[in-house]
>>> print(open('work.cif').read())   # mmCIF, C-alpha atoms
data_start
#
loop_
_atom_site.label_atom_id
_atom_site.label_comp_id
_atom_site.auth_asym_id
_atom_site.auth_seq_id
_atom_site.Cartn_x
_atom_site.Cartn_y
_atom_site.Cartn_z
CA MET A 240 -4.58 1.61 4.89
CA ALA A 241 -0.88 0.80 4.97
CA LEU A 242 0.39 -1.40 7.78
CA SER A 243 2.15 0.19 10.74
CA ARG A 244 5.69 -0.93 11.58
CA GLU A 245 4.24 -3.00 14.44
CA GLN A 246 1.71 -4.71 12.16
CA MET A 247 4.46 -5.52 9.65
CA ALA A 248 6.49 -7.17 12.40
CA GLN A 249 3.39 -8.98 13.69
CA ARG A 250 2.67 -10.42 10.23
CA VAL A 251 6.25 -11.65 9.77
CA ALA A 252 6.17 -13.24 13.23
CA ARG A 253 3.56 -15.65 11.85
CA GLU A 254 6.33 -17.17 9.72
CA LEU A 255 8.25 -18.27 12.83
CA GLN A 256 8.26 -21.94 13.72
CA ASP A 257 9.00 -23.74 16.95
CA GLY A 258 12.72 -24.38 17.37
CA TYR A 259 13.82 -21.79 14.81
CA TYR A 260 17.09 -19.87 15.11
CA VAL A 261 16.31 -16.42 13.70
CA ASN A 262 18.39 -13.35 12.84
CA LEU A 263 16.59 -9.99 12.79
CA GLY A 264 18.15 -7.18 10.77
CA ILE A 265 18.40 -3.53 11.76
CA GLY A 266 15.26 -1.39 11.56
CA ILE A 267 11.70 -2.72 11.37
CA PRO A 268 12.84 -6.39 11.57
CA THR A 269 13.97 -5.92 15.18
CA LEU A 270 10.32 -5.40 16.17
CA VAL A 271 9.56 -9.05 15.34
CA ALA A 272 11.11 -9.91 18.72
CA ASN A 273 8.05 -8.41 20.39
CA TYR A 274 5.60 -10.71 18.55
CA VAL A 275 6.97 -14.23 18.97
CA PRO A 276 3.82 -16.35 19.50
CA GLU A 277 3.22 -17.32 23.12
CA GLY A 278 4.50 -20.79 23.92
CA MET A 279 6.75 -20.95 20.85
CA GLU A 280 10.47 -21.60 21.40
CA VAL A 281 12.45 -19.34 19.07
CA MET A 282 16.09 -18.33 19.58
CA LEU A 283 16.89 -14.86 18.21
CA GLN A 284 20.50 -14.32 17.13
CA SER A 285 22.40 -11.05 16.75
CA GLU A 286 25.62 -10.60 14.75
CA ASN A 287 27.40 -8.89 17.62
CA GLY A 288 27.31 -12.10 19.65
CA LEU A 289 24.00 -12.82 21.37
CA LEU A 290 21.88 -15.94 21.00
CA GLY A 291 18.58 -15.89 22.88
CA MET A 292 17.61 -12.25 22.47
CA GLY A 293 14.33 -11.30 24.14
CA PRO A 294 11.90 -8.42 23.53
CA PHE A 295 12.90 -4.79 23.96
CA PRO A 296 13.40 -3.88 27.64
CA THR A 297 11.05 -1.91 29.83
CA GLU A 298 12.55 1.06 31.64
CA GLU A 299 13.15 -1.14 34.69
CA GLU A 300 14.89 -3.87 32.61
CA LEU A 301 17.13 -1.55 30.61
CA ASP A 302 20.84 -2.43 30.62
CA ALA A 303 22.96 -0.07 28.48
CA ASP A 304 25.55 -2.82 27.91
CA MET A 305 23.02 -5.30 26.50
CA ILE A 306 22.60 -4.31 22.84
CA ASN A 307 21.85 -5.86 19.47
CA ALA A 308 23.78 -5.32 16.22
CA GLY A 309 21.88 -2.07 15.64
CA LYS A 310 23.03 -0.68 19.02
CA GLN A 311 19.50 -0.92 20.43
CA THR A 312 19.12 -2.07 24.03
CA VAL A 313 17.62 -5.56 24.27
CA THR A 314 16.93 -8.25 26.84
CA ALA A 315 18.31 -11.77 27.07
CA ARG A 316 15.91 -14.63 27.67
CA ILE A 317 16.56 -17.61 29.95
CA GLY A 318 19.14 -19.87 28.30
CA ALA A 319 20.76 -17.08 26.27
CA SER A 320 24.49 -17.06 25.57
CA ILE A 321 26.91 -14.25 24.76
CA PHE A 322 30.03 -14.78 22.63
CA ASN A 323 32.31 -12.93 20.23
CA SER A 324 31.27 -11.82 16.75
CA ALA A 325 33.58 -14.36 15.06
CA GLU A 326 31.51 -17.20 16.55
CA SER A 327 28.33 -15.36 15.60
CA PHE A 328 29.40 -15.13 11.96
CA ALA A 329 30.45 -18.79 12.00
CA MET A 330 26.80 -19.61 12.83
CA ILE A 331 25.60 -17.40 9.96
CA ARG A 332 28.14 -18.55 7.35
CA GLY A 333 27.70 -22.16 8.38
CA GLY A 334 24.01 -22.09 7.49
CA HIS A 335 22.76 -22.53 11.06
CA ILE A 336 20.18 -19.73 10.93
CA ASP A 337 16.69 -21.00 10.03
CA LEU A 338 15.18 -17.62 9.15
CA THR A 339 16.62 -14.18 8.43
CA VAL A 340 14.46 -11.03 8.37
CA LEU A 341 16.13 -8.06 6.68
CA GLY A 342 15.27 -4.54 5.66
CA ALA A 343 16.09 -3.32 2.14
CA PHE A 344 16.24 -0.27 -0.12
CA GLU A 345 15.35 -2.30 -3.23
CA VAL A 346 14.37 -5.84 -4.27
CA ASP A 347 13.94 -6.96 -7.88
CA VAL A 348 12.13 -9.72 -9.77
CA GLN A 349 15.27 -11.88 -9.86
CA GLY A 350 15.45 -11.97 -6.08
CA ASN A 351 18.34 -9.52 -5.88
CA ILE A 352 18.54 -7.27 -2.82
CA ALA A 353 20.16 -3.87 -2.27
CA SER A 354 20.20 -2.99 1.39
CA TRP A 355 23.42 -1.30 2.38
CA MET A 356 24.36 1.73 0.27
CA ILE A 357 22.79 4.76 -1.39
CA PRO A 358 25.44 6.69 -3.38
CA GLY A 359 26.07 10.14 -1.97
CA LYS A 360 24.56 9.33 1.43
CA LEU A 361 26.43 8.50 4.60
CA VAL A 362 26.02 4.81 5.39
CA LYS A 363 27.76 3.11 8.30
CA GLY A 364 28.62 0.00 6.26
CA MET A 365 27.23 -3.32 5.16
CA GLY A 366 27.39 -4.96 8.58
CA GLY A 367 26.43 -8.63 8.43
CA ALA A 368 23.87 -8.36 5.62
CA MET A 369 26.06 -9.92 2.91
CA ASP A 370 26.87 -12.88 5.14
CA LEU A 371 23.22 -13.28 6.12
CA VAL A 372 21.88 -13.41 2.56
CA ALA A 373 24.66 -15.80 1.52
CA GLY A 374 24.32 -18.11 4.52
CA ALA A 375 20.53 -18.35 4.86
CA GLU A 376 18.11 -20.23 2.61
CA ASN A 377 15.02 -18.74 4.25
CA ILE A 378 14.93 -14.93 4.04
CA ILE A 379 12.07 -12.46 4.37
CA VAL A 380 12.58 -8.85 3.35
CA LEU A 381 10.61 -6.42 5.50
CA MET A 382 10.39 -2.89 4.06
CA THR A 383 8.07 -0.13 2.93
CA HIS A 384 6.63 -0.64 -0.57
CA ALA A 385 7.84 2.76 -1.75
CA SER A 386 10.44 5.31 -0.67
CA LYS A 387 9.61 8.58 1.08
CA ASP A 388 9.62 10.15 -2.39
CA GLY A 389 6.99 7.66 -3.58
CA GLU A 390 9.41 5.64 -5.71
CA SER A 391 8.73 1.90 -5.83
CA LYS A 392 11.22 -0.37 -4.10
CA LEU A 393 10.03 -3.44 -6.03
CA LEU A 394 11.85 -3.21 -9.34
CA PRO A 395 12.62 -5.01 -12.61
CA LYS A 396 16.30 -4.63 -11.69
CA CYS A 397 17.98 -3.13 -8.63
CA THR A 398 19.70 0.19 -9.31
CA LEU A 399 21.75 0.32 -6.10
CA PRO A 400 24.83 -1.78 -5.24
CA LEU A 401 23.70 -5.32 -4.43
CA THR A 402 23.94 -7.01 -1.07
CA GLY A 403 23.13 -10.39 -2.59
CA ALA A 404 22.00 -11.89 -5.90
CA GLY A 405 19.09 -14.26 -6.46
CA CYS A 406 18.59 -14.90 -2.76
CA ILE A 407 15.21 -13.33 -1.95
CA LYS A 408 11.96 -15.26 -2.33
CA ARG A 409 9.59 -13.43 0.05
CA VAL A 410 8.85 -9.75 0.66
CA LEU A 411 6.52 -8.16 3.21
CA THR A 412 5.81 -4.47 2.74
CA ASP A 413 3.43 -2.03 4.38
CA LEU A 414 1.00 -2.74 1.50
CA ALA A 415 1.38 -6.43 0.69
CA TYR A 416 2.96 -9.83 1.12
CA LEU A 417 4.60 -11.05 -2.09
CA GLU A 418 6.64 -14.03 -3.24
CA ILE A 419 9.15 -14.01 -6.09
CA GLU A 420 8.52 -16.74 -8.64
CA ASN A 421 9.74 -17.16 -12.24
CA GLY A 422 11.03 -13.60 -12.57
CA ALA A 423 8.00 -11.82 -11.13
CA PHE A 424 6.48 -10.66 -7.87
CA VAL A 425 3.37 -12.71 -7.03
CA LEU A 426 0.82 -10.93 -4.86
CA LYS A 427 -0.26 -13.25 -2.04
CA GLU A 428 -1.90 -10.94 0.52
CA ARG A 429 -2.77 -7.27 0.81
CA ALA A 430 -2.92 -5.00 3.82
CA PRO A 431 -6.41 -4.31 5.22
CA GLY A 432 -8.10 -1.61 3.18
CA VAL A 433 -5.36 -1.50 0.53
CA SER A 434 -6.63 -2.12 -2.99
CA VAL A 435 -4.97 -4.32 -5.57
CA GLU A 436 -4.91 -1.27 -7.85
CA GLU A 437 -2.76 0.69 -5.37
CA ILE A 438 -0.29 -2.19 -5.11
CA ILE A 439 -0.10 -2.46 -8.92
CA ALA A 440 0.51 1.30 -9.19
CA LYS A 441 3.37 1.18 -6.68
CA THR A 442 5.10 -1.92 -8.04
CA VAL A 443 7.43 -1.25 -10.98
CA GLY A 444 8.69 -4.82 -11.34
CA GLU A 445 6.48 -7.39 -13.07
CA LEU A 446 3.57 -8.26 -10.80
CA VAL A 447 1.38 -11.34 -11.03
CA VAL A 448 -2.05 -10.80 -9.47
CA PRO A 449 -4.20 -13.89 -8.75
CA ASP A 450 -7.97 -13.73 -9.16
CA HIS A 451 -8.41 -13.54 -5.40
CA VAL A 452 -5.99 -11.69 -3.10
CA PRO A 453 -7.00 -12.04 0.57
CA GLU A 454 -6.60 -9.26 3.10
CA MET A 455 -4.28 -9.83 6.04
CA THR A 456 -6.10 -10.19 9.34
CA PHE A 457 -4.94 -8.95 12.74
CA GLY A 458 -6.49 -10.05 16.00
#
>>> encode(input="work.cif", output="structure tokens")
Amino acid sequence: MALSREQMAQRVARELQDGYYVNLGIGIPTLVANYVPEGMEVMLQSENGLLGMGPFPTEEELDADMINAGKQTVTARIGASIFNSAESFAMIRGGHIDLTVLGAFEVDVQGNIASWMIPGKLVKGMGGAMDLVAGAENIIVLMTHASKDGESKLLPKCTLPLTGAGCIKRVLTDLAYLEIENGAFVLKERAPGVSVEEIIAKTVGELVVPDHVPEMTFG
């Protein structure tokens, strides 16, 4: 069974480390804010000028002026700071973000990512994605394994305009966790109940399958 959006975010949250400064992209990645392990100090950064973003607000906490880069209402944790977007991008371009979690339309075996434009469709713009993939060494792509039409998003070569080249090493989908090594996707974990055969069938790019692929576990 494919992972839910919440389970995908929960799995990626396991990659957080104490003291990390983390940027969460628009879409599923924003949900990671709800699964920061208890007792861990992580500072979430948003391109529009917020460092110290907390989980999504309850109805009582909601403040329409407190938003992330995706225009979603958020909370600010104790110690948070608010500043202009120029300072925010200075953090990103200066390499001060320890982990970036981004959504994508396509990723290929060379670590290229396409995440901002589908020809013929209305897209608001690239936002900070190009800066994030250029300024961060540690990036996780969080996306569905296939499109709504059933087309694989893990390809030999991206077909859409690139956001960044050769910058992606890790991908978490609703079916699997994969790493990109030596021009191939390497299957590291599979979603509970999802067979290796299904992952192979939905991965167009070269896929390396170890002898044993453990299932992800959720408490």
>>> atom_distance(input="work.cif", atom1="atom CA of Val433 of chain A", atom2="atom CA of Thr456 of chain A")
12.4 Å
>>> residues_around(input="work.cif", residues="Tyr260 of chain A", least_positions_apart="3", cutoff="12 Å", atoms="only C-alpha atoms", output="PyMOL selection string")
chain A and resi 255-257+263+279-285+289-292+330-331+334-340+375+377
>>> closest_residue(input="work.cif", among="A:Asn307, A:Asn421, A:Ser243, A:Thr402", to="Met382 of chain A", atoms="all atoms listed in the file")
A:Ser243
>>> resolve_selection(input="work.cif", expression="the PyMOL selection byres ((chain A and resi 392-394) around 12)", output="MDAnalysis selection string")
chainID A and resid 342:354 380:391 395:399 407 409:419 422:426 438:446
>>> write_last_selection(input="work.cif", atoms="C-alpha atoms", output="PDB file, keeping the file's coordinate frame")
ATOM      1  CA  GLY A 342      15.270  -4.540   5.660  1.00  0.00           C
ATOM      2  CA  ALA A 343      16.090  -3.320   2.140  1.00  0.00           C
ATOM      3  CA  PHE A 344      16.240  -0.270  -0.120  1.00  0.00           C
ATOM      4  CA  GLU A 345      15.350  -2.300  -3.230  1.00  0.00           C
ATOM      5  CA  VAL A 346      14.370  -5.840  -4.270  1.00  0.00           C
ATOM      6  CA  ASP A 347      13.940  -6.960  -7.880  1.00  0.00           C
ATOM      7  CA  VAL A 348      12.130  -9.720  -9.770  1.00  0.00           C
ATOM      8  CA  GLN A 349      15.270 -11.880  -9.860  1.00  0.00           C
ATOM      9  CA  GLY A 350      15.450 -11.970  -6.080  1.00  0.00           C
ATOM     10  CA  ASN A 351      18.340  -9.520  -5.880  1.00  0.00           C
ATOM     11  CA  ILE A 352      18.540  -7.270  -2.820  1.00  0.00           C
ATOM     12  CA  ALA A 353      20.160  -3.870  -2.270  1.00  0.00           C
ATOM     13  CA  SER A 354      20.200  -2.990   1.390  1.00  0.00           C
ATOM     14  CA  VAL A 380      12.580  -8.850   3.350  1.00  0.00           C
ATOM     15  CA  LEU A 381      10.610  -6.420   5.500  1.00  0.00           C
ATOM     16  CA  MET A 382      10.390  -2.890   4.060  1.00  0.00           C
ATOM     17  CA  THR A 383       8.070  -0.130   2.930  1.00  0.00           C
ATOM     18  CA  HIS A 384       6.630  -0.640  -0.570  1.00  0.00           C
ATOM     19  CA  ALA A 385       7.840   2.760  -1.750  1.00  0.00           C
ATOM     20  CA  SER A 386      10.440   5.310  -0.670  1.00  0.00           C
ATOM     21  CA  LYS A 387       9.610   8.580   1.080  1.00  0.00           C
ATOM     22  CA  ASP A 388       9.620  10.150  -2.390  1.00  0.00           C
ATOM     23  CA  GLY A 389       6.990   7.660  -3.580  1.00  0.00           C
ATOM     24  CA  GLU A 390       9.410   5.640  -5.710  1.00  0.00           C
ATOM     25  CA  SER A 391       8.730   1.900  -5.830  1.00  0.00           C
ATOM     26  CA  PRO A 395      12.620  -5.010 -12.610  1.00  0.00           C
ATOM     27  CA  LYS A 396      16.300  -4.630 -11.690  1.00  0.00           C
ATOM     28  CA  CYS A 397      17.980  -3.130  -8.630  1.00  0.00           C
ATOM     29  CA  THR A 398      19.700   0.190  -9.310  1.00  0.00           C
ATOM     30  CA  LEU A 399      21.750   0.320  -6.100  1.00  0.00           C
ATOM     31  CA  ILE A 407      15.210 -13.330  -1.950  1.00  0.00           C
ATOM     32  CA  ARG A 409       9.590 -13.430   0.050  1.00  0.00           C
ATOM     33  CA  VAL A 410       8.850  -9.750   0.660  1.00  0.00           C
ATOM     34  CA  LEU A 411       6.520  -8.160   3.210  1.00  0.00           C
ATOM     35  CA  THR A 412       5.810  -4.470   2.740  1.00  0.00           C
ATOM     36  CA  ASP A 413       3.430  -2.030   4.380  1.00  0.00           C
ATOM     37  CA  LEU A 414       1.000  -2.740   1.500  1.00  0.00           C
ATOM     38  CA  ALA A 415       1.380  -6.430   0.690  1.00  0.00           C
ATOM     39  CA  TYR A 416       2.960  -9.830   1.120  1.00  0.00           C
ATOM     40  CA  LEU A 417       4.600 -11.050  -2.090  1.00  0.00           C
ATOM     41  CA  GLU A 418       6.640 -14.030  -3.240  1.00  0.00           C
ATOM     42  CA  ILE A 419       9.150 -14.010  -6.090  1.00  0.00           C
ATOM     43  CA  GLY A 422      11.030 -13.600 -12.570  1.00  0.00           C
ATOM     44  CA  ALA A 423       8.000 -11.820 -11.130  1.00  0.00           C
ATOM     45  CA  PHE A 424       6.480 -10.660  -7.870  1.00  0.00           C
ATOM     46  CA  VAL A 425       3.370 -12.710  -7.030  1.00  0.00           C
ATOM     47  CA  LEU A 426       0.820 -10.930  -4.860  1.00  0.00           C
ATOM     48  CA  ILE A 438      -0.290  -2.190  -5.110  1.00  0.00           C
ATOM     49  CA  ILE A 439      -0.100  -2.460  -8.920  1.00  0.00           C
ATOM     50  CA  ALA A 440       0.510   1.300  -9.190  1.00  0.00           C
ATOM     51  CA  LYS A 441       3.370   1.180  -6.680  1.00  0.00           C
ATOM     52  CA  THR A 442       5.100  -1.920  -8.040  1.00  0.00           C
ATOM     53  CA  VAL A 443       7.430  -1.250 -10.980  1.00  0.00           C
ATOM     54  CA  GLY A 444       8.690  -4.820 -11.340  1.00  0.00           C
ATOM     55  CA  GLU A 445       6.480  -7.390 -13.070  1.00  0.00           C
ATOM     56  CA  LEU A 446       3.570  -8.260 -10.800  1.00  0.00           C
TER      57      LEU A 446
END
>>> closest_residue(input="work.cif", among="A:Glu454, A:Asp370, A:Glu436, A:Glu277", to="Ser327 of chain A", atoms="only C-alpha atoms")
A:Asp370
>>> closest_residue(input="work.cif", among="A:Ile265, A:Val447, A:Val313, A:Ala241", to="Glu420 of chain A", atoms="all atoms listed in the file")
A:Val447
>>> closest_residue(input="work.cif", among="A:Ala272, A:Thr297, A:Gly258, A:Gly264", to="Glu245 of chain A", atoms="only C-alpha atoms")
A:Ala272
>>> build_atoms(input="work.cif", residues="segment 366-380 of chain A", atoms="N, CA, C and O atoms", output="PDB file, in the coordinates of the input")
ATOM      1  N   GLY A 366      27.679  -4.133   7.420  1.00  0.00           N
ATOM      2  CA  GLY A 366      27.390  -4.960   8.580  1.00  0.00           C
ATOM      3  C   GLY A 366      27.410  -6.427   8.197  1.00  0.00           C
ATOM      4  O   GLY A 366      28.230  -6.877   7.404  1.00  0.00           O
ATOM      5  N   GLY A 367      26.456  -7.198   8.704  1.00  0.00           N
ATOM      6  CA  GLY A 367      26.430  -8.630   8.430  1.00  0.00           C
ATOM      7  C   GLY A 367      25.495  -9.029   7.314  1.00  0.00           C
ATOM      8  O   GLY A 367      25.302 -10.224   7.056  1.00  0.00           O
ATOM      9  N   ALA A 368      24.919  -8.047   6.601  1.00  0.00           N
ATOM     10  CA  ALA A 368      23.870  -8.360   5.620  1.00  0.00           C
ATOM     11  C   ALA A 368      24.356  -9.296   4.526  1.00  0.00           C
ATOM     12  O   ALA A 368      23.657 -10.227   4.132  1.00  0.00           O
ATOM     13  N   MET A 369      25.570  -9.072   3.998  1.00  0.00           N
ATOM     14  CA  MET A 369      26.060  -9.920   2.910  1.00  0.00           C
ATOM     15  C   MET A 369      26.226 -11.360   3.379  1.00  0.00           C
ATOM     16  O   MET A 369      25.888 -12.308   2.659  1.00  0.00           O
ATOM     17  N   ASP A 370      26.714 -11.530   4.592  1.00  0.00           N
ATOM     18  CA  ASP A 370      26.870 -12.880   5.140  1.00  0.00           C
ATOM     19  C   ASP A 370      25.500 -13.529   5.361  1.00  0.00           C
ATOM     20  O   ASP A 370      25.322 -14.718   5.111  1.00  0.00           O
ATOM     21  N   LEU A 371      24.547 -12.749   5.826  1.00  0.00           N
ATOM     22  CA  LEU A 371      23.220 -13.280   6.120  1.00  0.00           C
ATOM     23  C   LEU A 371      22.504 -13.757   4.864  1.00  0.00           C
ATOM     24  O   LEU A 371      21.893 -14.826   4.851  1.00  0.00           O
ATOM     25  N   VAL A 372      22.577 -12.986   3.780  1.00  0.00           N
ATOM     26  CA  VAL A 372      21.880 -13.410   2.560  1.00  0.00           C
ATOM     27  C   VAL A 372      22.598 -14.571   1.879  1.00  0.00           C
ATOM     28  O   VAL A 372      21.981 -15.353   1.152  1.00  0.00           O
ATOM     29  N   ALA A 373      23.911 -14.697   2.121  1.00  0.00           N
ATOM     30  CA  ALA A 373      24.660 -15.800   1.520  1.00  0.00           C
ATOM     31  C   ALA A 373      24.516 -17.088   2.334  1.00  0.00           C
ATOM     32  O   ALA A 373      24.560 -18.181   1.778  1.00  0.00           O
ATOM     33  N   GLY A 374      24.322 -16.936   3.655  1.00  0.00           N
ATOM     34  CA  GLY A 374      24.320 -18.110   4.520  1.00  0.00           C
ATOM     35  C   GLY A 374      22.955 -18.649   4.870  1.00  0.00           C
ATOM     36  O   GLY A 374      22.846 -19.707   5.481  1.00  0.00           O
ATOM     37  N   ALA A 375      21.886 -17.926   4.494  1.00  0.00           N
ATOM     38  CA  ALA A 375      20.530 -18.350   4.860  1.00  0.00           C
ATOM     39  C   ALA A 375      19.724 -18.720   3.620  1.00  0.00           C
ATOM     40  O   ALA A 375      19.764 -18.019   2.610  1.00  0.00           O
ATOM     41  N   GLU A 376      18.999 -19.820   3.698  1.00  0.00           N
ATOM     42  CA  GLU A 376      18.110 -20.230   2.610  1.00  0.00           C
ATOM     43  C   GLU A 376      16.747 -19.552   2.735  1.00  0.00           C
ATOM     44  O   GLU A 376      16.058 -19.335   1.742  1.00  0.00           O
ATOM     45  N   ASN A 377      16.363 -19.226   3.961  1.00  0.00           N
ATOM     46  CA  ASN A 377      15.020 -18.740   4.250  1.00  0.00           C
ATOM     47  C   ASN A 377      15.100 -17.278   4.687  1.00  0.00           C
ATOM     48  O   ASN A 377      15.463 -16.985   5.824  1.00  0.00           O
ATOM     49  N   ILE A 378      14.786 -16.362   3.778  1.00  0.00           N
ATOM     50  CA  ILE A 378      14.930 -14.930   4.040  1.00  0.00           C
ATOM     51  C   ILE A 378      13.613 -14.224   3.747  1.00  0.00           C
ATOM     52  O   ILE A 378      12.977 -14.490   2.731  1.00  0.00           O
ATOM     53  N   ILE A 379      13.217 -13.338   4.628  1.00  0.00           N
ATOM     54  CA  ILE A 379      12.070 -12.460   4.370  1.00  0.00           C
ATOM     55  C   ILE A 379      12.567 -11.024   4.408  1.00  0.00           C
ATOM     56  O   ILE A 379      13.227 -10.608   5.369  1.00  0.00           O
ATOM     57  N   VAL A 380      12.272 -10.275   3.360  1.00  0.00           N
ATOM     58  CA  VAL A 380      12.580  -8.850   3.350  1.00  0.00           C
ATOM     59  C   VAL A 380      11.379  -8.095   3.908  1.00  0.00           C
ATOM     60  O   VAL A 380      10.234  -8.340   3.509  1.00  0.00           O
TER      61      VAL A 380
END
